[in-house]
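Note: the block below is run-v3.tsv and it holds TSV, C-alpha atoms.
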chain	number	residue	atom	x	y	z
P	152	MET	CA	113.97	30.00	78.96
P	153	ARG	CA	111.48	27.35	80.05
P	154	LYS	CA	108.77	25.93	77.82
P	155	TYR	CA	105.38	24.70	78.99
P	156	ARG	CA	102.46	23.12	77.21
P	157	ILE	CA	99.05	24.36	78.33
P	158	ALA	CA	95.79	22.73	77.28
P	159	LEU	CA	93.08	25.40	76.92
P	160	ILE	CA	89.43	24.31	76.91
P	161	PRO	CA	87.28	27.44	76.37
P	162	GLY	CA	83.98	25.55	76.46
P	163	ASP	CA	80.63	27.33	76.45
P	164	GLY	CA	78.97	30.60	77.49
P	165	ILE	CA	81.51	33.02	78.94
P	166	GLY	CA	84.16	30.29	78.85
P	167	PRO	CA	85.89	31.59	75.69
P	168	GLU	CA	86.01	35.14	77.10
P	169	VAL	CA	87.63	34.19	80.41
P	170	THR	CA	89.95	31.71	78.68
P	171	ASN	CA	91.18	34.53	76.46
P	172	ALA	CA	91.86	36.53	79.64
P	173	VAL	CA	94.01	33.68	80.99
P	174	ARG	CA	95.92	33.49	77.74
P	175	ARG	CA	96.61	37.23	77.81
P	176	VAL	CA	97.88	37.07	81.39
P	177	LEU	CA	100.06	34.03	80.75
P	178	ASP	CA	101.52	35.73	77.69
P	179	GLN	CA	102.40	38.72	79.87
P	180	ILE	CA	104.02	36.40	82.41
P	181	ALA	CA	105.97	34.74	79.61
P	182	GLN	CA	107.24	38.10	78.41
P	183	ARG	CA	108.21	39.28	81.88
P	184	PHE	CA	109.90	36.10	83.13
P	185	GLY	CA	111.26	34.70	79.88
P	186	HIS	CA	109.07	31.60	79.57
P	187	THR	CA	107.33	30.10	76.55
P	188	PHE	CA	103.77	28.82	76.78
P	189	GLN	CA	102.51	26.59	73.98
P	190	TYR	CA	98.71	26.42	73.87
P	191	ASP	CA	96.54	23.58	72.60
P	192	GLU	CA	92.94	24.78	72.25
P	193	LEU	CA	90.58	21.84	72.72
P	194	LEU	CA	86.87	21.00	72.53
P	195	ALA	CA	84.72	19.96	75.49
P	196	GLY	CA	81.20	20.61	76.68
P	197	GLY	CA	78.29	21.80	74.56
P	198	ILE	CA	80.48	23.08	71.75
P	199	ALA	CA	82.03	19.61	71.51
P	200	ILE	CA	78.57	18.02	71.37
P	201	ASP	CA	77.67	20.26	68.45
P	202	ALA	CA	80.93	19.52	66.65
P	203	THR	CA	81.45	15.82	67.40
P	204	GLY	CA	78.34	14.48	69.13
P	205	GLU	CA	80.35	13.87	72.33
P	206	PRO	CA	80.77	16.15	75.35
P	207	LEU	CA	84.36	14.97	75.83
P	208	PRO	CA	86.13	13.78	72.66
P	209	GLU	CA	88.95	11.29	73.11
P	210	ALA	CA	91.31	13.67	71.33
P	211	THR	CA	90.74	16.25	74.06
P	212	VAL	CA	91.60	13.80	76.82
P	213	ALA	CA	94.71	12.63	74.95
P	214	ALA	CA	95.95	16.19	74.48
P	215	CYS	CA	95.30	17.04	78.13
P	216	ARG	CA	97.37	14.06	79.25
P	217	LYS	CA	100.32	15.35	77.22
P	218	SER	CA	100.11	18.84	78.71
P	219	ASP	CA	101.80	20.36	81.75
P	220	ALA	CA	98.49	21.82	82.91
P	221	VAL	CA	94.88	22.24	81.78
P	222	PHE	CA	92.72	25.36	81.95
P	223	LEU	CA	88.95	24.97	81.54
P	224	GLY	CA	86.70	27.98	80.97
P	225	ALA	CA	83.18	26.64	81.56
P	226	VAL	CA	80.73	24.13	80.11
P	227	GLY	CA	76.97	23.96	79.74
P	228	GLY	CA	74.01	26.00	78.57
P	229	PRO	CA	70.23	25.78	78.17
P	230	GLN	CA	70.41	24.65	74.54
P	231	TRP	CA	71.70	21.26	75.73
P	232	ASP	CA	69.32	20.79	78.68
P	233	HIS	CA	67.12	18.39	76.71
P	234	LEU	CA	69.90	15.81	76.41
P	235	PRO	CA	70.00	12.75	78.69
P	236	GLY	CA	72.29	13.00	81.70
P	237	ASP	CA	75.15	10.99	80.25
P	238	ARG	CA	75.23	13.17	77.10
P	239	ARG	CA	75.05	16.62	78.67
P	240	PRO	CA	77.95	19.10	78.58
P	241	GLU	CA	78.64	18.69	82.30
P	242	GLN	CA	79.78	15.13	81.60
P	243	ALA	CA	82.89	16.68	80.06
P	244	LEU	CA	83.85	18.11	83.43
P	245	LEU	CA	83.19	14.88	85.30
P	246	GLY	CA	84.96	12.92	82.58
P	247	LEU	CA	88.09	15.07	82.71
P	248	ARG	CA	88.28	14.73	86.48
P	249	SER	CA	87.88	10.98	86.26
P	250	GLN	CA	90.15	10.27	83.28
P	251	LEU	CA	92.93	12.56	84.52
P	252	GLY	CA	92.67	11.12	88.03
P	253	LEU	CA	91.94	14.51	89.61
P	254	TYR	CA	90.72	13.59	93.06
P	255	ALA	CA	91.44	16.81	95.00
P	256	ASN	CA	89.67	20.09	94.30
P	257	LEU	CA	91.26	23.12	95.99
P	258	ARG	CA	89.09	26.22	96.20
P	259	PRO	CA	90.52	29.25	98.00
P	260	ALA	CA	87.87	31.70	99.23
P	261	ILE	CA	89.54	35.03	100.01
P	262	LEU	CA	87.82	38.30	100.78
P	263	PHE	CA	90.11	40.95	99.33
P	264	ASP	CA	90.24	44.08	101.49
P	265	PRO	CA	88.92	46.38	98.72
P	266	LEU	CA	85.86	44.13	98.36
P	267	ALA	CA	84.84	44.10	102.01
P	268	SER	CA	81.85	46.31	101.22
P	269	ALA	CA	80.71	43.82	98.56
P	270	CYS	CA	80.46	41.05	101.17
P	271	PRO	CA	76.76	40.53	102.07
P	272	LEU	CA	77.56	39.83	105.72
P	273	HIS	CA	77.29	42.37	108.50
P	274	PRO	CA	80.20	44.86	108.24
P	275	ALA	CA	81.49	43.79	111.66
P	276	ILE	CA	81.89	40.23	110.38
P	277	ALA	CA	83.27	41.24	106.97
P	278	ALA	CA	85.86	43.43	108.71
P	279	ASP	CA	87.56	40.30	110.05
P	280	GLY	CA	88.20	39.12	106.49
P	281	MET	CA	88.22	35.56	105.22
P	282	ASP	CA	90.94	33.27	103.89
P	283	ILE	CA	89.62	29.72	103.59
P	284	MET	CA	90.99	26.84	101.56
P	285	PHE	CA	88.42	24.19	100.66
P	286	ALA	CA	89.82	20.72	99.99
P	287	ARG	CA	86.98	18.91	98.26
P	288	GLU	CA	87.14	15.22	97.34
P	289	LEU	CA	86.43	15.15	93.64
P	290	THR	CA	86.08	11.68	92.14
P	291	GLY	CA	84.02	9.77	94.70
P	292	GLY	CA	80.78	10.13	96.57
P	293	ILE	CA	77.28	10.63	95.25
P	294	TYR	CA	78.35	12.29	91.98
P	295	PHE	CA	80.09	9.10	90.87
P	296	GLY	CA	78.04	6.47	92.67
P	297	GLU	CA	75.52	4.04	91.26
P	298	ARG	CA	72.36	5.77	90.06
P	299	GLY	CA	69.22	5.01	88.19
P	300	ARG	CA	65.45	4.75	88.25
P	301	ARG	CA	63.30	1.90	89.44
P	302	SER	CA	59.81	0.93	90.43
P	303	GLY	CA	59.16	1.54	94.11
P	304	PRO	CA	56.20	1.09	96.46
P	305	LEU	CA	54.89	4.54	95.51
P	306	GLY	CA	55.67	4.26	91.81
P	307	LEU	CA	58.67	5.42	89.79
P	308	GLU	CA	61.61	6.53	91.93
P	309	ALA	CA	65.19	7.65	91.29
P	310	PHE	CA	68.29	6.91	93.36
P	311	ASP	CA	71.87	8.17	93.68
P	312	THR	CA	74.37	6.33	95.85
P	313	GLU	CA	76.96	7.87	98.18
P	314	ALA	CA	80.00	5.65	98.77
P	315	TYR	CA	83.54	6.36	99.98
P	316	SER	CA	86.55	4.13	100.55
P	317	VAL	CA	89.19	4.65	103.21
P	318	THR	CA	91.74	5.27	100.45
P	319	GLU	CA	89.68	8.08	98.93
P	320	ILE	CA	89.24	9.74	102.31
P	321	GLU	CA	92.89	9.35	103.29
P	322	ARG	CA	94.31	10.95	100.15
P	323	ILE	CA	92.14	14.09	100.34
P	324	GLY	CA	92.63	14.18	104.11
P	325	ARG	CA	96.41	14.20	103.81
P	326	ILE	CA	96.23	17.04	101.29
P	327	ALA	CA	94.12	19.02	103.76
P	328	PHE	CA	96.54	18.43	106.64
P	329	ASP	CA	99.54	19.32	104.45
P	330	LEU	CA	97.84	22.55	103.35
P	331	ALA	CA	96.99	23.50	106.91
P	332	GLY	CA	100.57	22.85	107.97
P	333	ARG	CA	101.69	25.54	105.51
P	334	ARG	CA	98.87	27.91	106.51
P	335	ARG	CA	97.43	28.44	109.99
P	336	GLY	CA	97.45	24.87	111.28
P	337	HIS	CA	93.72	24.15	111.50
P	338	VAL	CA	91.61	21.59	109.60
P	339	THR	CA	87.82	21.44	109.85
P	340	SER	CA	86.37	18.20	108.53
P	341	VAL	CA	82.74	18.49	107.41
P	342	ASP	CA	80.42	15.47	107.29
P	343	LYS	CA	76.97	14.22	108.28
P	344	ALA	CA	78.13	11.48	110.62
P	345	ASN	CA	74.97	11.61	112.72
P	346	ILE	CA	73.01	10.25	109.75
P	347	LEU	CA	75.23	8.82	107.00
P	348	GLU	CA	77.38	5.68	107.27
P	349	SER	CA	79.76	7.08	104.64
P	350	SER	CA	80.24	10.12	106.87
P	351	ARG	CA	80.96	7.96	109.90
P	352	LEU	CA	83.77	6.30	107.96
P	353	TRP	CA	84.91	9.75	106.81
P	354	ARG	CA	85.07	11.06	110.40
P	355	SER	CA	86.89	8.07	111.86
P	356	THR	CA	89.44	8.11	109.03
P	357	MET	CA	90.12	11.83	109.46
P	358	GLN	CA	90.50	11.36	113.21
P	359	ARG	CA	93.04	8.60	112.65
P	360	LEU	CA	95.01	10.69	110.15
P	361	ALA	CA	95.26	13.52	112.67
P	362	ASP	CA	97.71	11.43	114.72
P	363	ASP	CA	100.24	11.86	111.88
P	364	TYR	CA	99.96	15.66	112.03
P	365	PRO	CA	100.50	16.70	115.68
P	366	ASP	CA	101.07	20.34	114.72
P	367	VAL	CA	97.66	20.65	113.01
P	368	ALA	CA	94.43	20.99	114.99
P	369	LEU	CA	91.42	19.01	113.74
P	370	ASP	CA	87.77	19.60	114.48
P	371	HIS	CA	84.56	18.23	112.98
P	372	LEU	CA	81.33	19.91	111.93
P	373	TYR	CA	78.09	18.51	110.56
P	374	VAL	CA	77.44	20.02	107.15
P	375	ASP	CA	74.31	21.90	108.24
P	376	ASN	CA	76.18	23.51	111.12
P	377	ALA	CA	79.14	24.27	108.85
P	378	SER	CA	76.87	26.14	106.46
P	379	MET	CA	75.68	28.32	109.35
P	380	GLN	CA	79.14	28.91	110.79
P	381	LEU	CA	80.41	30.09	107.41
P	382	ILE	CA	77.93	32.95	107.75
P	383	ARG	CA	78.47	33.54	111.46
P	384	ARG	CA	82.27	33.31	111.73
P	385	PRO	CA	84.02	32.83	108.36
P	386	ALA	CA	87.31	34.24	109.65
P	387	SER	CA	87.67	31.29	112.05
P	388	PHE	CA	88.15	28.74	109.26
P	389	ASP	CA	91.51	27.78	107.77
P	390	VAL	CA	91.24	24.55	105.73
P	391	ILE	CA	87.87	22.84	105.25
P	392	VAL	CA	87.99	19.26	103.97
P	393	THR	CA	84.83	17.49	102.89
P	394	SER	CA	83.14	15.20	100.41
P	395	ASN	CA	82.31	15.89	96.79
P	396	MET	CA	78.73	17.12	97.17
P	397	PHE	CA	79.20	18.95	100.48
P	398	GLY	CA	82.30	20.68	99.09
P	399	ASP	CA	80.44	21.72	95.97
P	400	ILE	CA	77.71	23.40	98.02
P	401	LEU	CA	79.80	24.95	100.80
P	402	SER	CA	82.44	26.43	98.50
P	403	ASP	CA	79.72	28.10	96.44
P	404	GLU	CA	78.30	29.55	99.65
P	405	ALA	CA	81.73	30.89	100.53
P	406	ALA	CA	82.03	32.31	97.03
P	407	MET	CA	79.19	34.70	97.71
P	408	LEU	CA	80.87	35.86	100.91
P	409	THR	CA	83.88	37.03	98.91
P	410	GLY	CA	81.69	39.50	97.05
P	411	SER	CA	80.96	37.43	93.96
P	412	ILE	CA	81.27	33.92	92.63
P	413	GLY	CA	83.29	35.63	89.87
P	414	MET	CA	86.20	35.93	92.31
P	415	LEU	CA	86.81	32.26	93.12
P	416	PRO	CA	89.45	30.17	91.35
P	417	SER	CA	90.00	26.45	91.71
P	418	ALA	CA	92.55	23.72	91.10
P	419	SER	CA	91.89	20.02	90.58
P	420	LEU	CA	94.89	17.83	91.30
P	421	GLY	CA	95.77	14.14	91.19
P	422	ARG	CA	98.92	12.09	91.48
P	423	PRO	CA	102.29	13.89	91.26
P	424	GLY	CA	103.41	14.13	87.64
P	425	GLN	CA	99.87	14.25	86.28
P	426	PRO	CA	98.56	17.53	84.80
P	427	GLY	CA	96.28	19.51	87.08
P	428	MET	CA	93.15	21.24	85.82
P	429	TYR	CA	92.30	24.83	86.72
P	430	GLU	CA	88.98	26.62	86.34
P	431	PRO	CA	86.84	29.41	87.75
P	432	ILE	CA	83.88	28.05	89.68
P	433	HIS	CA	81.29	30.46	88.25
P	434	GLY	CA	79.99	28.29	85.42
P	435	SER	CA	79.13	29.25	81.87
P	436	ALA	CA	76.72	32.15	82.67
P	437	PRO	CA	75.03	31.99	79.24
P	438	ASP	CA	72.87	35.03	80.04
P	439	ILE	CA	75.90	37.34	79.81
P	440	ALA	CA	77.95	35.46	77.21
P	441	GLY	CA	79.41	37.66	74.50
P	442	GLN	CA	78.59	40.90	76.34
P	443	ASP	CA	82.10	41.68	77.64
P	444	SER	CA	80.71	41.81	81.18
P	445	ALA	CA	82.01	38.60	82.78
P	446	ASN	CA	84.43	38.96	85.67
P	447	PRO	CA	87.75	37.41	84.51
P	448	LEU	CA	89.45	37.56	87.92
P	449	ALA	CA	88.47	34.05	89.05
P	450	SER	CA	90.03	32.70	85.86
P	451	ILE	CA	93.12	34.88	86.24
P	452	LEU	CA	93.53	33.73	89.84
P	453	SER	CA	93.10	30.14	88.59
P	454	ALA	CA	96.02	30.84	86.26
P	455	ALA	CA	98.04	31.90	89.31
P	456	MET	CA	97.25	28.54	90.92
P	457	LEU	CA	98.29	26.83	87.69
P	458	LEU	CA	101.64	28.62	87.76
P	459	ARG	CA	102.25	27.73	91.40
P	460	LEU	CA	100.92	24.19	91.68
P	461	SER	CA	101.55	22.60	88.26
P	462	LEU	CA	104.48	24.59	86.87
P	463	ASP	CA	106.27	25.27	90.17
P	464	LEU	CA	106.54	28.99	89.40
P	465	PRO	CA	105.69	30.64	92.75
P	466	GLU	CA	107.19	34.04	91.88
P	467	GLU	CA	105.12	34.25	88.73
P	468	ALA	CA	101.98	33.18	90.60
P	469	ALA	CA	102.56	35.82	93.26
P	470	ALA	CA	102.99	38.47	90.55
P	471	VAL	CA	99.55	37.62	89.13
P	472	GLU	CA	97.92	37.71	92.56
P	473	GLN	CA	99.55	41.04	93.35
P	474	ALA	CA	98.32	42.46	90.04
P	475	VAL	CA	94.75	41.41	90.87
P	476	SER	CA	95.02	43.03	94.29
P	477	ARG	CA	96.34	46.21	92.71
P	478	VAL	CA	93.56	46.64	90.16
P	479	LEU	CA	90.98	46.13	92.91
P	480	ALA	CA	92.74	48.66	95.14
P	481	ASP	CA	92.71	51.08	92.20
P	482	GLY	CA	88.91	50.84	92.16
P	483	LEU	CA	88.36	48.78	89.01
P	484	ARG	CA	85.24	46.67	89.21
P	485	THR	CA	83.22	44.43	86.94
P	486	ALA	CA	79.46	44.71	87.43
P	487	ASP	CA	79.24	41.72	89.79
P	488	ILE	CA	81.58	43.30	92.38
P	489	GLN	CA	80.31	46.86	92.05
P	490	ASP	CA	79.54	48.62	95.32
P	491	LYS	CA	76.46	50.76	94.73
P	492	GLN	CA	77.25	52.81	97.84
P	493	ALA	CA	80.72	53.82	96.67
P	494	GLU	CA	80.27	54.48	92.96
P	495	SER	CA	82.41	57.62	92.98
P	496	SER	CA	85.52	55.65	93.94
P	497	GLN	CA	85.02	52.89	91.37
P	498	THR	CA	85.44	52.45	87.65
P	499	ILE	CA	83.14	49.82	86.16
P	500	VAL	CA	84.85	47.89	83.36
P	501	GLY	CA	84.22	44.85	81.20
P	502	THR	CA	86.06	41.58	80.77
P	503	ARG	CA	88.63	42.86	78.32
P	504	ALA	CA	89.40	46.09	80.19
P	505	MET	CA	89.85	44.27	83.51
P	506	THR	CA	92.16	41.77	81.84
P	507	GLU	CA	94.23	44.52	80.24
P	508	ALA	CA	94.48	46.32	83.59
P	509	VAL	CA	95.94	43.17	85.19
P	510	CYS	CA	98.36	42.79	82.29
P	511	ALA	CA	99.37	46.44	82.62
P	512	CYS	CA	100.16	45.90	86.30
P	513	LEU	CA	102.29	42.88	85.42
P	514	ALA	CA	104.16	44.94	82.83
P	515	MET	CA	104.71	47.84	85.24
P	516	THR	CA	106.54	45.64	87.74
P	517	GLU	CA	109.20	44.51	85.29
In structure tokens, how does this file's structure come out?
Amino acid sequence: MRKYRIALIPGDGIGPEVTNAVRRVLDQIAQRFGHTFQYDELLAGGIAIDATGEPLPEATVAACRKSDAVFLGAVGGPQWDHLPGDRRPEQALLGLRSQLGLYANLRPAILFDPLASACPLHPAIAADGMDIMFARELTGGIYFGERGRRSGPLGLEAFDTEAYSVTEIERIGRIAFDLAGRRRGHVTSVDKANILESSRLWRSTMQRLADDYPDVALDHLYVDNASMQLIRRPASFDVIVTSNMFGDILSDEAAMLTGSIGMLPSASLGRPGQPGMYEPIHGSAPDIAGQDSANPLASILSAAMLLRLSLDLPEEAAAVEQAVSRVLADGLRTADIQDKQAESSQTIVGTRAMTEAVCACLAMTE
């Protein structure tokens, strides 16, 4: 029997609901495979502001550092929008990434066969499917650069600074090449090298790294072209590597192509031996919080990534992914992935029922 310590950060909005789904699934995995998961439930985000005055209490960071892996539900909500930028709930997310040294964000965008009709693209394009891995640099770029407000020639102006070092580009680049080497052998590097000096450094560094990976093909796209090609030919992409802001935008675009942003998991990783952080990318969705209508599958698939990448439990991760595929094939849908044209073949369920269906599939395969 193996024991693991998991830091759970439910956060705000639908965060507690999807975090409970992850806990249920991990408990089912523990029962099936003979593991023990010890959970530390921690505060971060708006709920932490209300309780402690800080979006990211030091105790939360300390507990995360002692864990084997971290799961984050979601942070943020309109009740905290009046706070200054450095006091808002989203600072918890940025703070965790920074303090845990999580510089690589992996976001798989997969169009499951049963959800092809939920893809908004033309059926001929959706029929080709989509299996893209985004490797997004996570602790550099404009989100972490110098910012502020100042007096300019036209009055008050604000500025945010984009900066990247060779080291930052190299470490995310090597992750992208390594991923592609285990997938279909193709890396697309996305930048804006025709305009931005930081992108010119990004492109030249990626081109140099390619010499170390002769079995992986590398091409480059400007970010505006990449956004169009994701719509035109999503099946042609394997691994997309890009900067913090571009990765944030493009992976959300890809999320919609999978049928719903409620289907996309993510992993944030740093140095070997450091705990990774796993989260759905859908945000806190305060408008549906507490209604048992949130799609838990992105969180459950994030748990599969947690099992595979942080705990080195590939069989357990595959079991979770297979269970998700099975419930979708059986016609279970949350409202966000409902196909209005095929209602007779679907059963619309809520967060708890979808979670229990996944757990039932895991139990059936014992």
For this session: Determine, counting only C-alpha atoms, which protein, DNA and RNA residues have an atom within 9 Å of an atom of Leu159 of chain P; residues of the same chain fewer than 3 positions away are not included. Present the result as a ChimeraX atom specification.
Result: /P:170,174,190-194,215,220-224
Exercise. For Pro240 of chain P, which of P:Gly185, P:Asp178, P:Asp163, P:Gly303 is the closest residue, counting all atoms listed in the file?
Worked result: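 Residue with the minimum atom-to-atom distance to Pro240 of chain P: P:Asp163.
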For this session: For atom CA of Ala269 of chain P and atom CA of Leu513 of chain P, quote the distance in Å rounded to one decimal.
Result: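 Between atom CA of Ala269 of chain P and atom CA of Leu513 of chain P the gap is 25.3 Å.
As for atom CA of Pro259 of chain P and atom CA of His186 of chain P, they are spaced 26.3 Å apart.
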For this session: Could you please determine the separation between atom CA of Ile346 of chain P and atom CA of Glu319 of chain P in Å, to one decimal place?
Result: 20.0 Å
Report the closest atom pair, with its distance in Å rounded to one decimal, for each residue of segment 271-313 of chain P that has an atom no farther than 6 Å from segment 374-398 of chain P; count all atoms listed in the file, sort by chain and then rising residue number, and write it as a tab-separated table.
residue	atom	partner	partner_atom	distance
P:Gly280	CA	P:Ala386	CA	5.9
P:Met281	CA	P:Ala386	CA	4.7
P:Ile283	CA	P:Asp389	CA	5.0
P:Met284	CA	P:Val390	CA	4.8
P:Phe285	CA	P:Ile391	CA	4.8
P:Ala286	CA	P:Val392	CA	4.6
P:Arg287	CA	P:Gly398	CA	5.1
P:Glu288	CA	P:Asn395	CA	4.9
P:Leu289	CA	P:Asn395	CA	5.2
P:Gly292	CA	P:Asn395	CA	6.0
For segment 200-261 of chain P against segment 421-436 of chain P, with a cut-off of 12 Å and counting all atoms listed in the file, what is the closest atom pair and its distance in Å to one decimal for every residue that makes the cut, ordered by chain and number, as a tab-separated table?
residue	atom	partner	partner_atom	distance
P:Val212	CA	P:Pro426	CA	11.2
P:Ala213	CA	P:Pro426	CA	11.7
P:Ala214	CA	P:Pro426	CA	10.7
P:Cys215	CA	P:Pro426	CA	7.4
P:Arg216	CA	P:Pro426	CA	6.7
P:Lys217	CA	P:Pro426	CA	8.1
P:Ser218	CA	P:Pro426	CA	6.4
P:Asp219	CA	P:Pro426	CA	5.3
P:Ala220	CA	P:Pro426	CA	4.7
P:Val221	CA	P:Met428	CA	4.5
P:Phe222	CA	P:Tyr429	CA	4.8
P:Leu223	CA	P:Glu430	CA	5.1
P:Gly224	CA	P:Glu430	CA	6.0
P:Ala225	CA	P:Ser435	CA	4.8
P:Val226	CA	P:Ser435	CA	5.6
P:Gly227	CA	P:Ser435	CA	6.1
P:Gly228	CA	P:Ser435	CA	6.9
P:Pro229	CA	P:Ala436	CA	10.1
P:Pro240	CA	P:Ser435	CA	10.7
P:Glu241	CA	P:Gly434	CA	10.2
P:Leu244	CA	P:Met428	CA	10.1
P:Leu245	CA	P:Met428	CA	11.8
P:Leu247	CA	P:Met428	CA	8.6
P:Arg248	CA	P:Met428	CA	8.2
P:Ser249	CA	P:Gly421	CA	9.8
P:Gln250	CA	P:Gly421	CA	10.4
P:Leu251	CA	P:Gln425	CA	7.4
P:Gly252	CA	P:Gly421	CA	5.4
P:Leu253	CA	P:Gly421	CA	4.2
P:Tyr254	CA	P:Gly421	CA	5.4
P:Ala255	CA	P:Gly421	CA	6.4
P:Asn256	CA	P:Gly421	CA	9.1
P:Leu257	CA	P:Tyr429	CA	9.5
P:Arg258	CA	P:Ile432	CA	8.5
P:Pro259	CA	P:Ile432	CA	10.7
P:Ala260	CA	P:Ile432	CA	11.0
Written selection (C-alpha atoms) as a short mmCIF file (atom, residue, chain, number, x, y, z; two decimals), in the frame of the given file:
data_model
loop_
_atom_site.label_atom_id
_atom_site.label_comp_id
_atom_site.auth_asym_id
_atom_site.auth_seq_id
_atom_site.Cartn_x
_atom_site.Cartn_y
_atom_site.Cartn_z
CA VAL P 212 91.60 13.80 76.82
CA ALA P 213 94.71 12.63 74.95
CA ALA P 214 95.95 16.19 74.48
CA CYS P 215 95.30 17.04 78.13
CA ARG P 216 97.37 14.06 79.25
CA LYS P 217 100.32 15.35 77.22
CA SER P 218 100.11 18.84 78.71
CA ASP P 219 101.80 20.36 81.75
CA ALA P 220 98.49 21.82 82.91
CA VAL P 221 94.88 22.24 81.78
CA PHE P 222 92.72 25.36 81.95
CA LEU P 223 88.95 24.97 81.54
CA GLY P 224 86.70 27.98 80.97
CA ALA P 225 83.18 26.64 81.56
CA VAL P 226 80.73 24.13 80.11
CA GLY P 227 76.97 23.96 79.74
CA GLY P 228 74.01 26.00 78.57
CA PRO P 229 70.23 25.78 78.17
CA PRO P 240 77.95 19.10 78.58
CA GLU P 241 78.64 18.69 82.30
CA LEU P 244 83.85 18.11 83.43
CA LEU P 245 83.19 14.88 85.30
CA LEU P 247 88.09 15.07 82.71
CA ARG P 248 88.28 14.73 86.48
CA SER P 249 87.88 10.98 86.26
CA GLN P 250 90.15 10.27 83.28
CA LEU P 251 92.93 12.56 84.52
CA GLY P 252 92.67 11.12 88.03
CA LEU P 253 91.94 14.51 89.61
CA TYR P 254 90.72 13.59 93.06
CA ALA P 255 91.44 16.81 95.00
CA ASN P 256 89.67 20.09 94.30
CA LEU P 257 91.26 23.12 95.99
CA ARG P 258 89.09 26.22 96.20
CA PRO P 259 90.52 29.25 98.00
CA ALA P 260 87.87 31.70 99.23
#
Problem set entry | 10 Å contact set for segment 462-477 of chain P, all atoms listed in the file, chain neighbours under 5 positions out, as a PyMOL selection string | chain P and resi 155-156+176-177+179-181+183-184+219-220+263-265+426-427+448-449+451-457+482-483+505-506+508-516
Problem set entry | Nearest residue to Ile326 of chain P from the set P:Tyr294, P:Trp353, P:Tyr364, P:Tyr373 (distances using all atoms listed in the file) |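 Ranked by minimum distance to Ile326 of chain P, first place goes to P:Tyr364.
Nearest to Leu460 of chain P of all the residues P:Glu168, P:Arg325, P:Leu420, P:Ser340 is P:Leu420, counting all atoms listed in the file.
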Need the axis-aligned box for segment 293-311 of chain P with 4 Å each side, so what are the centre and edges in Å to one decimal, as lines of an AutoDock Vina configuration file?
center_x = 67.5
center_y = 6.6
center_z = 92.3
size_x = 33.2
size_y = 19.4
size_z = 16.3
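Closest approach to Leu360 of chain P among P:Ser411, P:Ser419, P:Gln189, P:Thr318 is made by P:Thr318 (distances from all atoms listed in the file).
Nearest residue to Pro365 of chain P, choosing from P:Lys343, P:Arg238, P:Arg301, P:His337 and counting only C-alpha atoms: P:His337.
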Problem set entry | Pick from P:Pro271, P:Pro447, P:Gly162, P:Gly501, whichever lies nearest to Arg175 of chain P using all atoms listed in the file | P:Pro447
